[in-house]
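Let me begin by presenting the structure, written as structure tokens, before commenting on it.
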Amino acid sequence: MKPKYLSILIAGALTYTAVLFNAHNSTVRASNEYRLSRTASDDVSNGATVTGKVAFTGQAPKNHAINMAADPVCSKSHPGAAMSEEVVTGPDNTVANALVYVSEGLPGRTFEAPKQSAVIQQKGCQYHPHVAAVETGQKLMVENSDPTTHNIHPVPSNNREWNQSQMQGAAPLETTFGREEIAIPVKCNIHPWMKGYIAVFKHPFFAVTGSDGKFVLKGLPPGNYTITAWHEQLGTTTQKVTIAANETKDVNFTLEAQPNH
Amino acid sequence: MSDVAHNLTRFAAAAVFLSSVVVASSAQESHIGNLTGEAKRGKELYQRYCIGCHGQRGDGDGDNAPHVDPKPRDFTVGTFKCRSTPSGSLPLDKDLFDTIGRGLYSTAMPRWFPLTRQQRADLIAYVKSFSPRFVEEEPGTPLEIPRETPSDEGSVTRGRELYQTVAKCSQCHGKEGRGDGPSAATLTDDKGHPTLPYDFTAGTKFKCGESDQDLYRVLMTGLDGSPMPSFSSSLKPEQAWDLIHYVRTLRPGFQQTAQKTKEKKTSGVSSAGTATDNTRPSVH
């Protein structure tokens with residue numbers, strides 16, 4: 001081969017390599033962050049709504065008093081007994097801290113992360129909210145209003161594990177999660193009773209119930225969906241729903257409390 | 001086919017071949033200083049030295065794993081204890097290289113004396129190939145370790161206050177540093193196996209190195225996969241040094257050694273005028 005062709009070949013190969021690298025990187029970015037063009041704004045105008053309640057059947061699992069004596073700062077912040085929050089219930093067996101979300105029906109759709117941050121507050125050596133929910137790429141601020149040190153330690157299976165301490169008066173920790181995961185357990189190793197969850201969704205159609213068990217999913221594009229209700233102790237259950245433009249549908253979920261709770 | 005078209009075809013074929021070689025090899029390499037490690041060579045070494053504990057798939061489930069505590073590292077998740085990079089980020093190749101050279105004290109991971117630097121670099125390249133994270137992500141920005149402050153009485157006193165009250169180290173490591181704090185018994189690693197906090201009275205053989213700088217790095221980047229958090233967003237550098245100076249005083253025999261050092265220093269002519277004696281004995 002003539003030297004002229006050889007030099008063209010090498011230059012071409014290098015360019016091609018650079019292109020390959022770029023293509024590879026952008027694929028990774030897209031699959032990790034799901035931040036592409038949002039089409040939901042069009043959908044909101046004729047969006048459908050799914051609303052309802054989450055309740056349970058069976059024996060109501062009992063929460064227990066937490067002994068916070070290991071850190072007097074924590075025990076002093078609770079004049080009465082601090083209670084665990086594994087199963088928080090309301091009237092008529094409604095369940096708080098349940099996630100309700102679209103689990104199927106949005107194939108290939110991508111959504112931009114909302115500008116507004118979600119917040120987890122560490123107060124009285126417990127997490128508020130107990131179950132937080134964010135979109136991929138959405139900022140999550142973790143605040144410490146306790147006069148003690150916490151460490152925030154998410155233990156994900158589909159995101160990066162990290163572990164940051166936050167002393168009294170320290171600035172809020174700001175973080176994001178790149179991949180959908182329902183839900184990431186969060187713990188504080190310093191105060192082992194502290195347990196919470198962070199759910200990460202790649203779309204905006206999710207809600208966390210209050211103790212009345214109520215939820216609302218708004219702005220859904222018309223279509224067929226599977227909606228899932230998730231609870232850390234009571235498990236999951238799903239329902240299929242078909243909704244038309246501007247329609248509002250009631251969908252109620254019943255989780256089964258296992259006898260051994 | 002014209003000459004031009006013919007050459008273009010050859011060019012395209014060669015370009016595809018060359019670029020695939022470049023892409024494949026860059027993900028399968030390690031770089032430590034001037035050394036370049038290659039996964040292909042590392043694989044042979046891995047199968048000879050590492051596979052027994054870390055397993056064929058690098059998931060820490062080798063034949064010996066059931067008999068080993070703490071459990072062998074699962075390379076597929078890309079989480080590593082000894083890092084110079086922030087908690088949650090990938091380590092530098094050099095961090096992994098140093099771990100192989102140093103071993104992990106109080107675990108089944110020995111110091112790999114028989115391996116040359118080149119072999120260690122090759123192993124790192126192969127170990128990285130077990131986790132897709134090394135293709136998808138860049139390592140974090142390494143921590144800068146500032147100049148150590150003097151280890152004087154003031155620093156030790158401030159360190160004690162941080163350890164016992166403010167930073168809550170005592171909650172796990174215990175009031176006397178014996179690793180028996182109120183939360184110690186509840187601790188588990190990332191696989192759910194019980195794990196114990198470091199006992200500072202047991203000596204100075206720390207997992208990620210024995211120097212004050214090594215301790216600074218652990219304190220500020222944490223030990224990922226373990227309950228030990230990073231304090232980078234909580235502690236100022238001088239506070240971190242204070243803490244390190246304090247935990248150095250927890251080891252047995254410290255008082256006597258410190259006293260001797262002091263006597264030696266005050267009797268010596270050259271150091272008689274030193275106002276802030278570094279009373280911490282050197283570490284062997």
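Just so we're on the same page: first chain in the structure tokens is A, next is B, and so on; residues restart at 1 for each chain, and ligands are numbered from 1 in the order they show up.
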Distance filter 7 Å, only C-alpha atoms, chain B against chain A, as a ChimeraX atom specification = /B:11,15,18-19,87-88,136,166-168,171-172,182-183,186-187,224,227,229-231,233-234
7 Å contact set for range 77-93 of chain A, only C-alpha atoms, chain neighbours under 3 positions out, as a CSV table (one decimal) with C-alpha atoms, in the first residue's frame:
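Output below, filename result13.csv:
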chain,number,residue,atom,x,y,z
A,55,ALA,CA,-55.8,-0.3,52.4
A,56,PHE,CA,-54.9,-3.7,53.9
A,61,PRO,CA,-48.9,-5.3,62.1
A,63,ASN,CA,-45.2,-0.8,65.4
A,64,HIS,CA,-42.9,-0.9,68.4
A,65,ALA,CA,-41.4,1.7,70.7
A,66,ILE,CA,-37.8,2.6,69.7
A,73,VAL,CA,-29.8,13.6,72.0
A,74,CYS,CA,-32.3,11.4,70.1
A,96,ALA,CA,-49.6,5.4,54.8
A,124,GLY,CA,-35.9,13.3,66.2
A,211,SER,CA,-52.4,7.9,56.6
A,212,ASP,CA,-55.7,8.3,54.8
A,233,GLN,CA,-43.9,-4.5,54.8
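Atom to atom, CA of Val241 in chain A and CA of Glu256 in chain A stand 20.8 Å apart.
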Of the listed residues B:Gly52, B:Gly174, B:Gly181, B:Pro237, that which approaches Glu144 in chain B most closely, counting only C-alpha atoms | B:Pro237
Between B:Leu162, B:Met228, B:Ala125, B:Ala108, smallest distance to Thr36 in chain B by only C-alpha atoms belongs to B:Ala125
Strand (DSSP E or B) positions in range 37-246 of chain B, given as a VMD selection string | chain B and resid 37 to 38 90 139 188 194 230
Could you save those same residues with C-alpha atoms as a PDB file, in the first residue's frame?
ATOM      1  CA  GLY B  37      -1.932  -3.103  32.787  1.00  0.00           C
ATOM      2  CA  GLU B  38      -3.705  -5.425  30.381  1.00  0.00           C
ATOM      3  CA  LEU B  90     -15.194   4.589  41.346  1.00  0.00           C
ATOM      4  CA  PRO B 139     -13.482   7.551  38.681  1.00  0.00           C
ATOM      5  CA  THR B 188     -23.594  -4.984  58.637  1.00  0.00           C
ATOM      6  CA  PRO B 194     -22.248  -8.553  60.423  1.00  0.00           C
ATOM      7  CA  SER B 230     -17.326   9.796  54.490  1.00  0.00           C
TER       8      SER B 230
END
Could you list, with a cut-off of 9 Å and counting only C-alpha atoms, the residues of range 104-170 of chain B near range 56-66 of chain B, each shown with its nearest atom pair and the distance in Å rounded to one decimal, rows sorted by chain and ascending number, as a Markdown table?
| residue | atom | partner | partner_atom | distance |
| --- | --- | --- | --- | --- |
| B:Val127 | CA | B:Gly58 | CA | 7.4 |
| B:Phe130 | CA | B:Gly58 | CA | 6.1 |
| B:Ser131 | CA | B:Gly58 | CA | 8.7 |
Neighbour list for His31 in chain B as a ChimeraX atom specification, cut-off 8 Å, only C-alpha atoms, skip fewer than 3 positions in-chain = /B:34-37,93-94,121
Could those selected residues go to a file with C-alpha atoms, as an mmCIF file, in the first residue's frame?
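Just written: out30.cif:
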data_model
loop_
_atom_site.group_PDB
_atom_site.id
_atom_site.type_symbol
_atom_site.label_atom_id
_atom_site.label_comp_id
_atom_site.auth_asym_id
_atom_site.auth_seq_id
_atom_site.Cartn_x
_atom_site.Cartn_y
_atom_site.Cartn_z
ATOM 1 C CA ASN B 34 3.897 4.819 33.640
ATOM 2 C CA LEU B 35 2.524 1.308 33.923
ATOM 3 C CA THR B 36 -0.187 0.036 31.616
ATOM 4 C CA GLY B 37 -1.932 -3.103 32.787
ATOM 5 C CA ASP B 93 -6.550 2.420 39.262
ATOM 6 C CA LYS B 94 -3.823 3.432 41.706
ATOM 7 C CA ALA B 121 -1.351 -3.495 37.063
#
Near-Val134 in chain A list (8 Å; only C-alpha atoms; drop same-chain fewer than 2 positions) as an MDAnalysis selection string = chainID A and resid 118 132 136 138:140 198:201
Can you list, as JSON, numbers by chain, every residue of range 154-224 of chain B that DSSP puts in alpha helix (DSSP H)?
-> {"B": [154, 155, 156, 157, 158, 159, 160, 161, 170, 171, 172, 173, 212, 213, 214, 215, 216, 217, 218, 219, 220, 221]}
Within 9 Å of Tyr127 in chain A, counting only C-alpha atoms, which residues qualify if same-chain residues fewer than 3 places away don't, as a compact mmCIF listing (two decimals) with C-alpha atoms, in the first residue's frame?
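Produced file part.txt, reproduced below:
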# COMPACT_ATOMS: atom_id res chain seq x y z
CA ILE A 120 -35.72 14.30 53.41
CA GLN A 121 -35.49 15.74 56.87
CA GLN A 122 -33.72 13.93 59.72
CA LYS A 123 -35.61 15.00 62.79
CA GLY A 124 -35.91 13.32 66.17
CA HIS A 130 -40.30 7.85 55.87
CA VAL A 131 -40.71 7.05 52.17
CA MET A 194 -33.32 4.83 61.54
CA LYS A 195 -34.83 3.28 58.42
CA GLY A 196 -36.34 4.92 55.40
CA TYR A 197 -36.76 4.47 51.65
